Amino acid sequence: MICNLCPRSCGALRTETEGHGVCRMPALPVVARAALHMWEEPPISGTRGAGTVFFSGCSLGCVFCQNESISHRDFGKPVTVSRLREIFFELIAQGAHNIDLVNPTHYAHAVAQALAEPLPVPVVWNSGGYDRVETLRALEGKVQIYLPDLKYVTAEYAEKYSGAADYPAAAQAAILEMFRQTGPCAYDESGLLKRGVVIRHLVLPGKLAEAKRVMDWVSGHFAPGEVLFSLMSQYLPWGRAAEFPELNRRLRPSEARAAADYMAALGLEGFTQEPESAEHTYIPPFDLTGV
């Protein structure tokens with residue numbers, strides 16, 4: 001395939017075994033782990049967990065990525081589309097409330113094939129937000145819940161820390177398309193999300209003003225309760241963050257409190273995570289479980 005799935009639109013050749021694009025991945029999906037996951041937002045994890053499939057490779061280059069062993073070092077196992085669908089049903093048999101696809105952007109073609117027939121549970125598109133609108137439109141009706149990051153609204157930060165100056169424009173357009181597809185958040189009788197958009201933002205050290213700008217954008221585009229907002233304050237200097245002095249520290253409690261207070265003042269519905277829980281941040285073992 002000649003790939004233009006993500007906003008890079010690099011037109012790279014991807015065969016079943018090799019990938020020459022920014023994401024470095026072949027056409028077949030590469031998976032590092034498939035297992036129940038209890039650490040997503042509460043209406044996604046529920047009581048039994050999300051059926052999480054972690055894909056390898058990434059078209060972003062975030063210097064603070066906590067999953068850098070699979071996003072940057074590409075650990076994982078190639079699987080066929082039929083095997084990917086089998087994995088979905090194995091997770092459902094284990095009790096998964098939904099199928100949670102983590103970093104699936106560069107495998108949108110394979111995901112669409114694997115979801116040609118509907119699943120009996122919602123599908124969660126859990127991405128870095130760097131999605132192409134045209135690619136998302138090809139998934140309409142196959143994905144019920146979108147869980148994108150909105151990492152930045154400032155191109156300078158996006159270029160410096162993720163290598164993608166176009167990230168803000170691409171992510172904002174993608175989120176608007178996601179909402180067009182799902183409409184406002186809707187829940188089942190147990191309070192689990194069955195349709196909607198949850199926007200995540202990880203507060204970076206010294207970037208409280210950027211977090212506020214992100215929340216301003218969300219507040220300015222969605223009525224209260226239409227989407228959920230997940231404010232994450234559990235930053236640790238993962239990956240290459242040590243190379244950037246301004247990022248080479250934990251978030252101060254005062255920064256986390258100020259961000260949470262701003263979220264409350266805007267009336268954004270959703271979730272916050274305190275920096276004190278950073279030691280307990282769950283990074284799963286990428287050991288090919290369930291693959």
# chains A, B, ... in the order shown; residues from 1 in each chain; ligands from 1
call {"tool": "residues_around", "arguments": {"residues": "segment 32-37 of chain A", "least_positions_apart": "2", "cutoff": "9 Å", "atoms": "only C-alpha atoms", "output": "PyMOL selection string"}}
result
chain A and resi 30+39-40+45+48-56+70+74-78+87-88+91+94-96+100+284-291
call {"tool": "select_by_dssp", "arguments": {"residues": "segment 197-237 of chain A", "states": "strand (DSSP E or B)", "output": "mmCIF file with all heavy atoms, in the first residue's frame"}}
result
data_model
loop_
_atom_site.group_PDB
_atom_site.id
_atom_site.type_symbol
_atom_site.label_atom_id
_atom_site.label_comp_id
_atom_site.auth_asym_id
_atom_site.auth_seq_id
_atom_site.Cartn_x
_atom_site.Cartn_y
_atom_site.Cartn_z
ATOM 1 N N VAL A 197 -17.115 11.350 22.848
ATOM 2 C CA VAL A 197 -15.717 11.763 22.741
ATOM 3 C C VAL A 197 -15.191 12.139 24.112
ATOM 4 O O VAL A 197 -15.834 12.902 24.855
ATOM 5 C CB VAL A 197 -15.563 12.963 21.773
ATOM 6 C CG1 VAL A 197 -14.106 13.420 21.699
ATOM 7 C CG2 VAL A 197 -16.089 12.605 20.387
ATOM 8 N N VAL A 198 -14.019 11.618 24.460
ATOM 9 C CA VAL A 198 -13.304 11.981 25.681
ATOM 10 C C VAL A 198 -11.960 12.564 25.243
ATOM 11 O O VAL A 198 -11.164 11.883 24.600
ATOM 12 C CB VAL A 198 -13.065 10.770 26.597
ATOM 13 C CG1 VAL A 198 -12.367 11.208 27.891
ATOM 14 C CG2 VAL A 198 -14.381 10.054 26.915
ATOM 15 N N ILE A 199 -11.715 13.823 25.579
ATOM 16 C CA ILE A 199 -10.487 14.509 25.162
ATOM 17 C C ILE A 199 -9.512 14.508 26.328
ATOM 18 O O ILE A 199 -9.832 14.974 27.424
ATOM 19 C CB ILE A 199 -10.782 15.952 24.729
ATOM 20 C CG1 ILE A 199 -11.797 15.961 23.579
ATOM 21 C CG2 ILE A 199 -9.499 16.674 24.327
ATOM 22 C CD1 ILE A 199 -12.340 17.345 23.259
ATOM 23 N N ARG A 200 -8.303 14.007 26.077
ATOM 24 C CA ARG A 200 -7.274 13.955 27.107
ATOM 25 C C ARG A 200 -6.242 15.062 26.899
ATOM 26 O O ARG A 200 -5.886 15.394 25.775
ATOM 27 C CB ARG A 200 -6.531 12.618 27.054
ATOM 28 C CG ARG A 200 -7.284 11.440 27.619
ATOM 29 C CD ARG A 200 -6.485 10.173 27.372
ATOM 30 N NE ARG A 200 -6.996 9.036 28.141
ATOM 31 C CZ ARG A 200 -6.635 7.778 27.940
ATOM 32 N NH1 ARG A 200 -5.758 7.492 26.986
ATOM 33 N NH2 ARG A 200 -7.124 6.810 28.683
ATOM 34 N N HIS A 201 -5.726 15.560 28.021
ATOM 35 C CA HIS A 201 -4.581 16.478 27.963
ATOM 36 C C HIS A 201 -3.646 16.177 29.118
ATOM 37 O O HIS A 201 -4.054 16.175 30.286
ATOM 38 C CB HIS A 201 -5.022 17.934 28.029
ATOM 39 C CG HIS A 201 -3.857 18.890 28.045
ATOM 40 N ND1 HIS A 201 -3.057 19.095 26.937
ATOM 41 C CD2 HIS A 201 -3.325 19.650 29.047
ATOM 42 C CE1 HIS A 201 -2.102 19.948 27.251
ATOM 43 N NE2 HIS A 201 -2.235 20.310 28.519
ATOM 44 N N LEU A 202 -2.381 15.919 28.793
ATOM 45 C CA LEU A 202 -1.340 15.708 29.793
ATOM 46 C C LEU A 202 -0.665 17.047 30.063
ATOM 47 O O LEU A 202 -0.068 17.643 29.160
ATOM 48 C CB LEU A 202 -0.321 14.687 29.294
ATOM 49 C CG LEU A 202 0.889 14.423 30.205
ATOM 50 C CD1 LEU A 202 0.448 13.750 31.501
ATOM 51 C CD2 LEU A 202 1.927 13.561 29.482
ATOM 52 N N LEU A 228 -16.385 14.759 27.241
ATOM 53 C CA LEU A 228 -15.722 14.686 28.528
ATOM 54 C C LEU A 228 -14.273 15.126 28.358
ATOM 55 O O LEU A 228 -13.666 14.938 27.293
ATOM 56 C CB LEU A 228 -15.768 13.261 29.075
ATOM 57 C CG LEU A 228 -17.155 12.710 29.411
ATOM 58 C CD1 LEU A 228 -17.070 11.248 29.820
ATOM 59 C CD2 LEU A 228 -17.819 13.535 30.500
ATOM 60 N N PHE A 229 -13.710 15.696 29.425
ATOM 61 C CA PHE A 229 -12.332 16.160 29.396
ATOM 62 C C PHE A 229 -11.555 15.441 30.490
ATOM 63 O O PHE A 229 -11.981 15.406 31.646
ATOM 64 C CB PHE A 229 -12.258 17.671 29.606
ATOM 65 C CG PHE A 229 -10.884 18.243 29.373
ATOM 66 C CD1 PHE A 229 -10.400 18.424 28.086
ATOM 67 C CD2 PHE A 229 -10.066 18.588 30.439
ATOM 68 C CE1 PHE A 229 -9.129 18.944 27.869
ATOM 69 C CE2 PHE A 229 -8.800 19.105 30.234
ATOM 70 C CZ PHE A 229 -8.325 19.287 28.936
ATOM 71 N N SER A 230 -10.426 14.860 30.119
ATOM 72 C CA SER A 230 -9.588 14.131 31.064
ATOM 73 C C SER A 230 -8.280 14.889 31.241
ATOM 74 O O SER A 230 -7.440 14.926 30.335
ATOM 75 C CB SER A 230 -9.324 12.710 30.547
ATOM 76 O OG SER A 230 -8.572 11.964 31.488
ATOM 77 N N LEU A 231 -8.131 15.513 32.401
ATOM 78 C CA LEU A 231 -6.937 16.304 32.720
ATOM 79 C C LEU A 231 -5.952 15.410 33.453
ATOM 80 O O LEU A 231 -6.206 14.975 34.575
ATOM 81 C CB LEU A 231 -7.328 17.501 33.581
ATOM 82 C CG LEU A 231 -6.195 18.454 33.963
ATOM 83 C CD1 LEU A 231 -5.703 19.210 32.733
ATOM 84 C CD2 LEU A 231 -6.660 19.430 35.048
ATOM 85 N N MET A 232 -4.824 15.151 32.827
ATOM 86 C CA MET A 232 -3.849 14.209 33.369
ATOM 87 C C MET A 232 -2.655 14.974 33.941
ATOM 88 O O MET A 232 -1.986 15.725 33.223
ATOM 89 C CB MET A 232 -3.403 13.233 32.288
ATOM 90 C CG MET A 232 -4.564 12.442 31.683
ATOM 91 S SD MET A 232 -4.027 11.200 30.482
ATOM 92 C CE MET A 232 -3.374 12.254 29.187
#
call {"tool": "atom_distance", "arguments": {"atom1": "atom CA of Gly206 of chain A", "atom2": "atom CA of Gly163 of chain A"}}
result
19.2 Å
call {"tool": "select_by_dssp", "arguments": {"residues": "segment 66-279 of chain A", "states": "alpha helix (DSSP H)", "output": "MDAnalysis selection string"}}
result
chainID A and resid 68:71 81:93 108:114 133:137 155:162 167:182 208:221 253:266
call {"tool": "residues_around", "arguments": {"residues": "Tyr130 of chain A", "least_positions_apart": "2", "cutoff": "10 Å", "atoms": "only C-alpha atoms", "output": "PyMOL selection string"}}
result
chain A and resi 6-8+58-60+103+105+127-128+132-133+148-151+164+166-175
call {"tool": "atom_distance", "arguments": {"atom1": "atom CA of Ala265 of chain A", "atom2": "atom CA of Ser162 of chain A"}}
result
29.2 Å
